[in-house]
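A.B. asks: What follows is input.cif, mmCIF, C-alpha atoms.
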```
data_input
#
loop_
_atom_site.group_PDB
_atom_site.id
_atom_site.type_symbol
_atom_site.label_atom_id
_atom_site.label_comp_id
_atom_site.auth_asym_id
_atom_site.auth_seq_id
_atom_site.Cartn_x
_atom_site.Cartn_y
_atom_site.Cartn_z
ATOM 1 C CA MET A 1 8.308 15.493 -20.457
ATOM 2 C CA VAL A 2 5.847 13.283 -18.597
ATOM 3 C CA TYR A 3 2.297 12.850 -19.764
ATOM 4 C CA LYS A 4 -0.767 11.830 -17.878
ATOM 5 C CA ALA A 5 -4.292 10.811 -18.724
ATOM 6 C CA ALA A 6 -7.148 13.253 -18.567
ATOM 7 C CA PRO A 7 -8.787 13.125 -15.141
ATOM 8 C CA VAL A 8 -12.280 12.082 -14.330
ATOM 9 C CA LEU A 9 -12.981 14.791 -11.827
ATOM 10 C CA LYS A 10 -11.569 17.707 -9.964
ATOM 11 C CA THR A 11 -11.621 19.651 -6.840
ATOM 12 C CA SER A 12 -11.652 23.324 -7.807
ATOM 13 C CA ALA A 13 -8.339 23.025 -9.634
ATOM 14 C CA LYS A 14 -8.100 19.583 -11.164
ATOM 15 C CA PRO A 15 -6.929 19.043 -14.725
ATOM 16 C CA LEU A 16 -8.419 18.080 -17.982
ATOM 17 C CA ARG A 17 -5.478 17.054 -20.088
ATOM 18 C CA ILE A 18 -5.778 15.274 -23.424
ATOM 19 C CA VAL A 19 -2.691 13.353 -24.477
ATOM 20 C CA SER A 20 -2.124 12.824 -28.178
ATOM 21 C CA PHE A 21 0.450 13.194 -30.895
ATOM 22 C CA LEU A 22 -1.001 16.656 -31.509
ATOM 23 C CA THR A 23 -1.350 17.905 -27.955
ATOM 24 C CA ALA A 24 1.706 17.269 -25.796
ATOM 25 C CA ILE A 25 1.248 19.072 -22.496
ATOM 26 C CA PRO A 26 4.089 18.790 -19.962
ATOM 27 C CA LEU A 27 3.132 17.780 -16.467
ATOM 28 C CA SER A 28 2.972 20.421 -13.793
ATOM 29 C CA ARG A 29 0.501 21.365 -11.116
ATOM 30 C CA ALA A 30 0.126 24.770 -12.741
ATOM 31 C CA ASN A 31 -1.209 23.492 -16.057
ATOM 32 C CA ARG A 32 -3.857 21.251 -14.567
ATOM 33 C CA GLY A 33 -6.951 22.948 -15.984
ATOM 34 C CA PRO A 34 -10.523 22.392 -14.696
ATOM 35 C CA ALA A 35 -12.745 19.377 -15.128
ATOM 36 C CA ALA A 36 -16.033 18.540 -13.410
ATOM 37 C CA VAL A 37 -16.545 18.529 -9.647
ATOM 38 C CA LEU A 38 -17.545 15.124 -8.321
ATOM 39 C CA ALA A 39 -19.557 15.261 -5.101
ATOM 40 C CA ALA A 40 -20.096 12.164 -3.018
ATOM 41 C CA SER A 41 -23.670 11.914 -4.217
ATOM 42 C CA LEU A 42 -22.486 11.647 -7.816
ATOM 43 C CA LEU A 43 -20.962 8.251 -7.150
ATOM 44 C CA ALA A 44 -24.502 6.983 -6.583
ATOM 45 C CA ALA A 45 -25.939 8.612 -9.749
ATOM 46 C CA VAL A 46 -28.182 6.620 -12.055
ATOM 47 C CA LEU A 47 -26.310 4.752 -14.773
ATOM 48 C CA SER A 48 -26.345 6.698 -18.009
ATOM 49 C CA GLY A 49 -26.863 3.678 -20.281
ATOM 50 C CA VAL A 50 -25.434 5.505 -23.319
ATOM 51 C CA PRO A 51 -25.136 3.180 -26.338
ATOM 52 C CA VAL A 52 -21.824 2.641 -28.061
ATOM 53 C CA ALA A 53 -22.666 3.605 -31.634
ATOM 54 C CA GLN A 54 -19.331 4.208 -33.320
ATOM 55 C CA ALA A 55 -17.554 1.868 -35.687
ATOM 56 C CA GLN A 56 -14.502 1.993 -33.404
ATOM 57 C CA THR A 57 -15.879 -0.496 -30.904
ATOM 58 C CA LEU A 58 -14.047 -1.887 -27.917
ATOM 59 C CA PRO A 59 -14.307 -5.402 -26.501
ATOM 60 C CA LYS A 60 -16.835 -5.447 -23.674
ATOM 61 C CA ALA A 61 -16.845 -7.184 -20.364
ATOM 62 C CA PRO A 62 -19.135 -10.215 -20.168
ATOM 63 C CA ALA A 63 -22.681 -9.048 -20.910
ATOM 64 C CA ALA A 64 -24.161 -10.408 -17.692
ATOM 65 C CA ALA A 65 -21.689 -8.531 -15.516
ATOM 66 C CA ALA A 66 -23.244 -5.054 -15.688
ATOM 67 C CA PRO A 67 -26.261 -3.179 -17.064
ATOM 68 C CA GLN A 68 -24.165 -0.345 -18.501
ATOM 69 C CA ALA A 69 -21.362 -0.097 -21.041
ATOM 70 C CA VAL A 70 -18.278 -1.188 -19.138
ATOM 71 C CA PRO A 71 -15.079 -1.074 -21.187
ATOM 72 C CA GLY A 72 -12.955 -4.145 -21.684
ATOM 73 C CA PHE A 73 -9.607 -4.156 -23.431
ATOM 74 C CA TRP A 74 -8.879 -7.873 -23.511
ATOM 75 C CA ASP A 75 -9.637 -10.286 -26.330
ATOM 76 C CA PRO A 76 -10.923 -13.616 -24.953
ATOM 77 C CA ARG A 77 -9.416 -15.326 -27.998
ATOM 78 C CA ARG A 78 -5.938 -14.149 -26.994
ATOM 79 C CA ARG A 79 -5.370 -15.535 -23.547
ATOM 80 C CA PRO A 80 -1.959 -14.535 -22.192
ATOM 81 C CA GLU A 81 0.255 -17.360 -21.022
ATOM 82 C CA ARG A 82 0.745 -17.731 -17.296
ATOM 83 C CA PRO A 83 4.356 -16.794 -16.518
ATOM 84 C CA ASP A 84 6.469 -18.361 -13.786
ATOM 85 C CA LEU A 85 4.948 -16.463 -10.875
ATOM 86 C CA SER A 86 7.139 -18.305 -8.358
ATOM 87 C CA ARG A 87 9.925 -15.903 -9.276
ATOM 88 C CA LEU A 88 7.916 -12.957 -7.942
ATOM 89 C CA THR A 89 8.163 -12.460 -4.192
ATOM 90 C CA VAL A 90 6.926 -8.874 -3.800
ATOM 91 C CA ILE A 91 5.609 -6.060 -6.003
ATOM 92 C CA ARG A 92 6.173 -2.489 -4.884
ATOM 93 C CA PHE A 93 3.505 -0.353 -6.550
ATOM 94 C CA LEU A 94 3.875 3.412 -6.832
ATOM 95 C CA THR A 95 0.920 5.735 -7.328
ATOM 96 C CA GLU A 96 0.130 9.438 -7.133
ATOM 97 C CA THR A 97 -0.990 11.312 -4.053
ATOM 98 C CA ASP A 98 -3.962 13.320 -5.325
ATOM 99 C CA TYR A 99 -5.819 12.269 -8.469
ATOM 100 C CA PRO A 100 -9.296 11.163 -7.406
ATOM 101 C CA PRO A 101 -11.061 8.900 -8.048
ATOM 102 C CA PHE A 102 -8.039 7.037 -9.426
ATOM 103 C CA ASN A 103 -5.728 7.568 -6.464
ATOM 104 C CA PHE A 104 -6.071 9.615 -3.296
ATOM 105 C CA THR A 105 -5.560 9.397 0.446
ATOM 106 C CA GLY A 106 -8.466 7.630 2.115
ATOM 107 C CA PRO A 107 -10.122 8.660 5.383
ATOM 108 C CA ASP A 108 -7.829 6.265 7.258
ATOM 109 C CA GLY A 109 -4.733 7.862 5.731
ATOM 110 C CA ASN A 110 -4.013 4.917 3.441
ATOM 111 C CA PRO A 111 -3.896 4.925 -0.372
ATOM 112 C CA ALA A 112 -7.320 4.583 -1.999
ATOM 113 C CA GLY A 113 -8.953 4.806 -5.417
ATOM 114 C CA PHE A 114 -9.537 2.848 -8.615
ATOM 115 C CA ASN A 115 -5.831 2.368 -9.346
ATOM 116 C CA VAL A 116 -5.121 1.293 -5.785
ATOM 117 C CA ASP A 117 -7.928 -1.252 -5.667
ATOM 118 C CA LEU A 118 -6.894 -2.575 -9.061
ATOM 119 C CA ALA A 119 -3.331 -3.045 -7.804
ATOM 120 C CA ARG A 120 -4.633 -4.977 -4.802
ATOM 121 C CA SER A 121 -6.736 -7.186 -7.069
ATOM 122 C CA LEU A 122 -3.691 -7.909 -9.209
ATOM 123 C CA CYS A 123 -1.718 -8.904 -6.143
ATOM 124 C CA ASP A 124 -4.523 -11.221 -5.026
ATOM 125 C CA GLU A 125 -4.592 -12.857 -8.453
ATOM 126 C CA ILE A 126 -0.824 -13.292 -8.629
ATOM 127 C CA LYS A 127 -0.783 -14.320 -4.948
ATOM 128 C CA VAL A 128 2.173 -12.144 -4.071
ATOM 129 C CA THR A 129 2.855 -9.647 -1.308
ATOM 130 C CA CYS A 130 2.451 -6.056 -2.447
ATOM 131 C CA THR A 131 3.065 -2.587 -1.103
ATOM 132 C CA ILE A 132 1.506 0.624 -2.437
ATOM 133 C CA GLN A 133 3.375 3.869 -1.909
ATOM 134 C CA MET A 134 2.031 7.315 -2.830
ATOM 135 C CA ARG A 135 4.337 9.928 -4.373
ATOM 136 C CA ARG A 136 4.016 13.145 -6.339
ATOM 137 C CA PHE A 137 3.337 12.275 -9.958
ATOM 138 C CA GLU A 138 6.430 14.038 -11.271
ATOM 139 C CA THR A 139 8.678 11.880 -9.057
ATOM 140 C CA LEU A 140 7.328 8.476 -10.105
ATOM 141 C CA LEU A 141 9.625 7.791 -13.054
ATOM 142 C CA ASP A 142 12.749 8.688 -11.101
ATOM 143 C CA ALA A 143 11.578 6.488 -8.229
ATOM 144 C CA ILE A 144 11.156 3.423 -10.417
ATOM 145 C CA SER A 145 14.419 4.115 -12.252
ATOM 146 C CA SER A 146 16.296 4.211 -8.940
ATOM 147 C CA ASN A 147 14.679 0.924 -7.794
ATOM 148 C CA ARG A 148 12.449 2.507 -5.159
ATOM 149 C CA GLY A 149 9.485 0.759 -6.720
ATOM 150 C CA ASP A 150 8.640 -1.951 -9.241
ATOM 151 C CA ALA A 151 5.484 -0.730 -11.016
ATOM 152 C CA ILE A 152 3.689 2.584 -11.502
ATOM 153 C CA ILE A 153 -0.108 2.455 -11.466
ATOM 154 C CA ALA A 154 -1.051 6.142 -11.640
ATOM 155 C CA SER A 155 -3.122 6.790 -14.786
ATOM 156 C CA MET A 156 0.053 7.207 -16.819
ATOM 157 C CA ALA A 157 -0.528 7.399 -20.565
ATOM 158 C CA ALA A 158 1.557 5.045 -22.693
ATOM 159 C CA THR A 159 3.072 7.646 -25.025
ATOM 160 C CA PRO A 160 6.045 7.036 -27.363
ATOM 161 C CA GLU A 161 8.134 9.360 -25.173
ATOM 162 C CA LEU A 162 7.443 7.347 -22.037
ATOM 163 C CA ARG A 163 7.920 4.026 -23.820
ATOM 164 C CA ALA A 164 11.514 5.089 -24.344
ATOM 165 C CA ARG A 165 11.968 5.173 -20.549
ATOM 166 C CA VAL A 166 9.707 2.398 -19.221
ATOM 167 C CA ASP A 167 7.763 -0.615 -20.459
ATOM 168 C CA PHE A 168 3.963 -0.724 -20.222
ATOM 169 C CA THR A 169 1.429 -3.452 -19.682
ATOM 170 C CA ASP A 170 -1.618 -3.747 -21.902
ATOM 171 C CA PRO A 171 -4.047 -0.815 -21.405
ATOM 172 C CA TYR A 172 -6.456 -1.151 -18.508
ATOM 173 C CA TYR A 173 -8.545 1.902 -19.418
ATOM 174 C CA ARG A 174 -8.854 4.649 -22.005
ATOM 175 C CA ALA A 175 -10.418 8.104 -22.093
ATOM 176 C CA PRO A 176 -12.773 8.185 -25.099
ATOM 177 C CA ALA A 177 -13.932 11.394 -26.735
ATOM 178 C CA ARG A 178 -17.670 12.136 -26.684
ATOM 179 C CA PHE A 179 -20.206 14.616 -28.018
ATOM 180 C CA VAL A 180 -22.675 16.181 -25.592
ATOM 181 C CA SER A 181 -25.830 18.092 -26.494
ATOM 182 C CA ARG A 182 -28.784 19.492 -24.613
ATOM 183 C CA LYS A 183 -31.159 16.727 -23.573
ATOM 184 C CA ASP A 184 -33.911 17.724 -25.974
ATOM 185 C CA ALA A 185 -31.505 17.486 -28.915
ATOM 186 C CA ALA A 186 -29.608 14.283 -28.088
ATOM 187 C CA MET A 187 -28.857 12.023 -31.046
ATOM 188 C CA PRO A 188 -28.294 8.239 -30.825
ATOM 189 C CA GLU A 189 -25.577 8.373 -33.476
ATOM 190 C CA ILE A 190 -23.137 11.035 -34.629
ATOM 191 C CA ARG A 191 -21.605 11.104 -38.107
ATOM 192 C CA PRO A 192 -19.840 13.977 -39.881
ATOM 193 C CA GLU A 193 -22.766 14.541 -42.249
ATOM 194 C CA TYR A 194 -25.167 14.805 -39.323
ATOM 195 C CA LEU A 195 -23.345 17.868 -37.987
ATOM 196 C CA GLU A 196 -23.167 19.849 -41.210
ATOM 197 C CA GLY A 197 -23.728 23.492 -40.302
ATOM 198 C CA ARG A 198 -24.200 22.668 -36.614
ATOM 199 C CA LYS A 199 -22.293 24.638 -33.977
ATOM 200 C CA VAL A 200 -19.817 22.535 -32.001
ATOM 201 C CA GLY A 201 -17.877 23.851 -28.995
ATOM 202 C CA VAL A 202 -14.400 22.551 -28.174
ATOM 203 C CA VAL A 203 -11.306 23.603 -26.228
ATOM 204 C CA ALA A 204 -8.902 25.572 -28.420
ATOM 205 C CA GLY A 205 -5.617 23.814 -29.193
ATOM 206 C CA SER A 206 -6.784 20.438 -27.903
ATOM 207 C CA ALA A 207 -6.631 17.053 -29.596
ATOM 208 C CA HIS A 208 -10.421 17.164 -29.688
ATOM 209 C CA GLU A 209 -10.323 20.356 -31.749
ATOM 210 C CA ALA A 210 -7.776 18.787 -34.115
ATOM 211 C CA TYR A 211 -9.990 15.723 -34.547
ATOM 212 C CA LEU A 212 -13.034 17.841 -35.386
ATOM 213 C CA LYS A 213 -11.055 19.890 -37.908
ATOM 214 C CA ALA A 214 -9.882 16.697 -39.596
ATOM 215 C CA MET A 215 -13.062 14.617 -39.486
ATOM 216 C CA PHE A 216 -16.037 16.996 -39.083
ATOM 217 C CA THR A 217 -15.107 19.523 -41.728
ATOM 218 C CA ASP A 218 -18.673 20.731 -42.355
ATOM 219 C CA ALA A 219 -19.443 21.501 -38.714
ATOM 220 C CA GLU A 220 -19.187 25.093 -37.461
ATOM 221 C CA LEU A 221 -16.487 24.957 -34.802
ATOM 222 C CA HIS A 222 -16.457 27.347 -31.862
ATOM 223 C CA SER A 223 -13.255 27.224 -29.816
ATOM 224 C CA TYR A 224 -13.084 28.247 -26.160
ATOM 225 C CA PRO A 225 -10.163 28.678 -23.755
ATOM 226 C CA ASN A 226 -11.117 25.909 -21.322
ATOM 227 C CA ASP A 227 -13.681 23.258 -20.462
ATOM 228 C CA ASP A 228 -15.750 25.453 -18.189
ATOM 229 C CA ALA A 229 -16.238 27.925 -21.025
ATOM 230 C CA VAL A 230 -17.169 25.145 -23.461
ATOM 231 C CA ARG A 231 -19.754 23.685 -21.107
ATOM 232 C CA SER A 232 -21.209 27.089 -20.244
ATOM 233 C CA ALA A 233 -21.644 27.772 -23.962
ATOM 234 C CA LEU A 234 -23.725 24.608 -24.308
ATOM 235 C CA ARG A 235 -25.865 25.474 -21.311
ATOM 236 C CA ARG A 236 -26.515 28.965 -22.711
ATOM 237 C CA GLY A 237 -27.392 27.576 -26.148
ATOM 238 C CA GLU A 238 -24.468 29.220 -27.962
ATOM 239 C CA VAL A 239 -23.534 25.854 -29.482
ATOM 240 C CA ASP A 240 -25.501 22.747 -30.408
ATOM 241 C CA PHE A 241 -22.880 20.244 -29.256
ATOM 242 C CA ILE A 242 -19.628 20.127 -27.355
ATOM 243 C CA PHE A 243 -16.827 17.598 -27.860
ATOM 244 C CA GLY A 244 -14.322 16.537 -25.230
ATOM 245 C CA ASP A 245 -13.029 13.938 -22.793
ATOM 246 C CA GLY A 246 -15.768 11.374 -22.233
ATOM 247 C CA ILE A 247 -14.894 10.436 -18.671
ATOM 248 C CA SER A 248 -14.945 13.959 -17.237
ATOM 249 C CA LEU A 249 -18.010 14.799 -19.348
ATOM 250 C CA ALA A 250 -19.830 11.789 -17.894
ATOM 251 C CA PHE A 251 -19.394 13.210 -14.419
ATOM 252 C CA TRP A 252 -20.288 16.726 -15.528
ATOM 253 C CA ILE A 253 -23.617 15.838 -17.159
ATOM 254 C CA ASN A 254 -24.597 13.813 -14.086
ATOM 255 C CA GLY A 255 -23.404 16.418 -11.579
ATOM 256 C CA THR A 256 -24.829 19.620 -10.198
ATOM 257 C CA ASP A 257 -22.667 21.899 -12.373
ATOM 258 C CA SER A 258 -24.554 20.884 -15.518
ATOM 259 C CA GLY A 259 -27.953 21.775 -14.072
ATOM 260 C CA ASP A 260 -29.324 18.560 -15.582
ATOM 261 C CA CYS A 261 -29.178 20.245 -18.977
ATOM 262 C CA CYS A 262 -27.405 17.813 -21.172
ATOM 263 C CA ALA A 263 -26.727 14.258 -22.308
ATOM 264 C CA PHE A 264 -24.298 12.289 -24.432
ATOM 265 C CA ALA A 265 -24.973 12.273 -28.157
ATOM 266 C CA GLY A 266 -23.697 9.323 -30.158
ATOM 267 C CA GLY A 267 -21.053 6.920 -28.958
ATOM 268 C CA PRO A 268 -17.367 7.085 -28.031
ATOM 269 C CA PHE A 269 -14.459 7.960 -30.297
ATOM 270 C CA VAL A 270 -11.212 6.178 -29.472
ATOM 271 C CA GLU A 271 -8.879 7.071 -32.341
ATOM 272 C CA SER A 272 -5.466 6.490 -30.810
ATOM 273 C CA ARG A 273 -3.664 9.037 -33.008
ATOM 274 C CA TYR A 274 -5.699 11.767 -31.354
ATOM 275 C CA PHE A 275 -6.793 10.383 -28.008
ATOM 276 C CA GLY A 276 -3.849 8.219 -26.992
ATOM 277 C CA GLU A 277 -2.997 4.534 -26.801
ATOM 278 C CA GLY A 278 -4.539 4.043 -23.387
ATOM 279 C CA ILE A 279 -3.411 3.814 -19.782
ATOM 280 C CA GLY A 280 -1.072 1.044 -18.690
ATOM 281 C CA ILE A 281 1.034 0.026 -15.715
ATOM 282 C CA ALA A 282 4.662 1.087 -16.130
ATOM 283 C CA VAL A 283 7.575 -1.164 -15.159
ATOM 284 C CA ARG A 284 11.324 -0.774 -15.541
ATOM 285 C CA LYS A 285 12.724 -1.369 -19.001
ATOM 286 C CA GLY A 286 13.374 -5.067 -19.553
ATOM 287 C CA ASN A 287 11.337 -6.311 -16.574
ATOM 288 C CA ASP A 288 9.436 -8.731 -18.780
ATOM 289 C CA LEU A 289 8.513 -11.121 -15.979
ATOM 290 C CA LEU A 290 6.613 -8.464 -14.037
ATOM 291 C CA ARG A 291 5.017 -6.998 -17.167
ATOM 292 C CA GLN A 292 3.844 -10.435 -18.313
ATOM 293 C CA ALA A 293 2.589 -11.318 -14.825
ATOM 294 C CA LEU A 294 0.552 -8.108 -14.665
ATOM 295 C CA ASN A 295 -0.845 -8.677 -18.160
ATOM 296 C CA TRP A 296 -1.868 -12.207 -17.184
ATOM 297 C CA ALA A 297 -3.480 -10.976 -13.973
ATOM 298 C CA LEU A 298 -5.304 -8.107 -15.733
ATOM 299 C CA PHE A 299 -6.850 -10.606 -18.159
ATOM 300 C CA ARG A 300 -7.853 -12.937 -15.337
ATOM 301 C CA ILE A 301 -9.466 -10.111 -13.337
ATOM 302 C CA TRP A 302 -11.456 -9.022 -16.384
ATOM 303 C CA GLU A 303 -12.422 -12.612 -17.266
ATOM 304 C CA LYS A 304 -13.755 -13.220 -13.759
ATOM 305 C CA GLY A 305 -15.829 -10.015 -13.771
ATOM 306 C CA ARG A 306 -13.794 -8.376 -11.020
ATOM 307 C CA TYR A 307 -12.704 -5.548 -13.296
ATOM 308 C CA THR A 308 -16.356 -4.824 -14.096
ATOM 309 C CA ASP A 309 -17.232 -4.721 -10.393
ATOM 310 C CA LEU A 310 -14.357 -2.357 -9.734
ATOM 311 C CA TRP A 311 -15.277 -0.075 -12.637
ATOM 312 C CA LEU A 312 -18.887 0.191 -11.510
ATOM 313 C CA ARG A 313 -17.798 0.938 -7.964
ATOM 314 C CA TYR A 314 -15.950 4.062 -9.063
ATOM 315 C CA PHE A 315 -17.739 5.059 -12.272
ATOM 316 C CA SER A 316 -21.473 4.847 -11.825
ATOM 317 C CA VAL A 317 -21.970 6.748 -15.078
ATOM 318 C CA SER A 318 -20.800 5.384 -18.400
ATOM 319 C CA PRO A 319 -18.357 7.349 -20.567
ATOM 320 C CA PHE A 320 -18.584 4.585 -23.190
#
```
For the structure just supplied, provide its representation as structure tokens.

C.D. replies:
Amino acid sequence: MVYKAAPVLKTSAKPLRIVSFLTAIPLSRANRGPAAVLAASLLAAVLSGVPVAQAQTLPKAPAAAAPQAVPGFWDPRRRPERPDLSRLTVIRFLTETDYPPFNFTGPDGNPAGFNVDLARSLCDEIKVTCTIQMRRFETLLDAISSNRGDAIIASMAATPELRARVDFTDPYYRAPARFVSRKDAAMPEIRPEYLEGRKVGVVAGSAHEAYLKAMFTDAELHSYPNDDAVRSALRRGEVDFIFGDGISLAFWINGTDSGDCCAFAGGPFVESRYFGEGIGIAVRKGNDLLRQALNWALFRIWEKGRYTDLWLRYFSVSPF
């Protein structure tokens, strides 16, 4: 089975899929459940400026680079060594055809999106010729295994199952879990004791539900069949909070579907046992030169602030 990160947005039928050791959902177009619609105007929304209040903190991009919480997954004290880049002559990137804003077909018919622009930045840093080919997500692993590509940059989650088939770079983004409440009840910090007796909505059978059952034992959980139902329950006042994928929730609370009702409460939760190890670039097993080159280039792009610029270009609201 192939697993994929939860999406940021949808058209009317885009997915919200949480990958964890508890929720293993096989890839298919049919099981891509709904997330929030992202209109063009949403990309220009005001930055949310939500503080990161949890103990599970992530390294941040340089403070001067952006006014909002931009994630960074690289430790400046652990600089990767520069590999022998002269041995790389071309990198053939593979990405998916329809997963906006990460990858999609642009108005000119060429690949576009966060993943695509990140791949181009990596190629600029490595100073190597690159191609970017779009394929259906379910065909990507076979394509790289049969040497029709060198690297997959398509929001592919680095699960133990996939690590048995391909090698991954360091993570270049993650999908944190977040609480959302109505605006008049937003809290700067969320702890289990703060939600004692409070009603919390969550998708039934999800990793988010499992996390709440394990960590927020005194909260009153209300499970719903999908994300639309969870969010509608919050708007109607049936629950005090909802808990789910932070990236898609960031777009929902800043989009028209929310009716400007709600806001993040507390900071992000990034427990890898429940919410995954992050999203990396996949390469063929044993291709250490390419993996190391991409890791080196990812660090350099982040260090120079180019990752921050790219993140803000596509995510004008902060899920962190």

A.B. asks: Smallest atom-to-atom distance to Met156 in chain A: which of A:Pro176, A:Gly280, A:Gly286, A:Pro319, using all atoms listed in the file?

C.D. replies: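 The answer is A:Gly280, which sits nearest to Met156 in chain A.
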
A.B. asks: Here is a test: counting only C-alpha atoms, which residue of A:Ser232, A:Arg198, A:Leu289, A:Gly149 is nearest to Phe93 in chain A?

C.D. replies: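 Looking at the shortest contact to Phe93 in chain A, the residue is A:Gly149.
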
A.B. asks: Report, in Å with one decimal, the straight-line distance from CA of Val90 in chain A to CA of Thr169 in chain A.

C.D. replies: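 Going from CA of Val90 in chain A over to CA of Thr169 in chain A, I get 17.7 Å.
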
A.B. asks: For CA of Pro83 in chain A and CA of Val283 in chain A, determine how far apart the two atoms are, in Å to one decimal place.

C.D. replies: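 It comes out at 16.0 Å.
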
A.B. asks: What lies within 10 Å of Arg182 in chain A using only C-alpha atoms, ignoring chain neighbours under 2 positions off, as a list in words?

C.D. replies: Val180, Asp184, Ala185, Ala186, Met187, Leu234, Arg235, Arg236, Gly237, Val239, Asp240, Phe241, Ile242, Ile253, Asp260, Cys261, Cys262, Ala263, Phe264 and Ala265 of chain A

A.B. asks: With only C-alpha atoms as the atoms that count, which of A:Thr95, A:Leu88, A:Pro192, A:Asp257 lies nearest to Glu138 in chain A?

C.D. replies: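 Looking only at the distances to Glu138 in chain A, the closest residue turns out to be A:Thr95.
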
A.B. asks: On this structure, which residues satisfy the PyMOL selection byres ((chain A and resi 205) around 9), written as a list in words?

C.D. replies: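 In the shown coordinates, the PyMOL selection byres ((chain A and resi 205) around 9) covers Leu22, Thr23, Val202, Val203, Ala204, Ser206, Ala207, His208, Glu209, Ala210, Ser223 and Pro225 of chain A.
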
A.B. asks: Could you list the residues chosen by the PyMOL selection byres ((chain A and resi 174) around 8) in this structure as a ChimeraX atom specification?

C.D. replies: /A:171-173,175-176,270,276-279

A.B. asks: How about saving the chosen residues, C-alpha atoms kept, as a JSON list (two decimals), in the frame of the given file?

C.D. replies:
```json
[["chain", "number", "residue", "atom", "x", "y", "z"],
["A", 171, "PRO", "CA", -4.05, -0.82, -21.40],
["A", 172, "TYR", "CA", -6.46, -1.15, -18.51],
["A", 173, "TYR", "CA", -8.54, 1.90, -19.42],
["A", 175, "ALA", "CA", -10.42, 8.10, -22.09],
["A", 176, "PRO", "CA", -12.77, 8.18, -25.10],
["A", 270, "VAL", "CA", -11.21, 6.18, -29.47],
["A", 276, "GLY", "CA", -3.85, 8.22, -26.99],
["A", 277, "GLU", "CA", -3.00, 4.53, -26.80],
["A", 278, "GLY", "CA", -4.54, 4.04, -23.39],
["A", 279, "ILE", "CA", -3.41, 3.81, -19.78]]
```

A.B. asks: For the atom pair CA of Ala177 in chain A and CA of Leu162 in chain A, what is the interatomic distance in Å to one decimal place?

C.D. replies: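 Rounded to one decimal, the two atoms are 22.3 Å apart.
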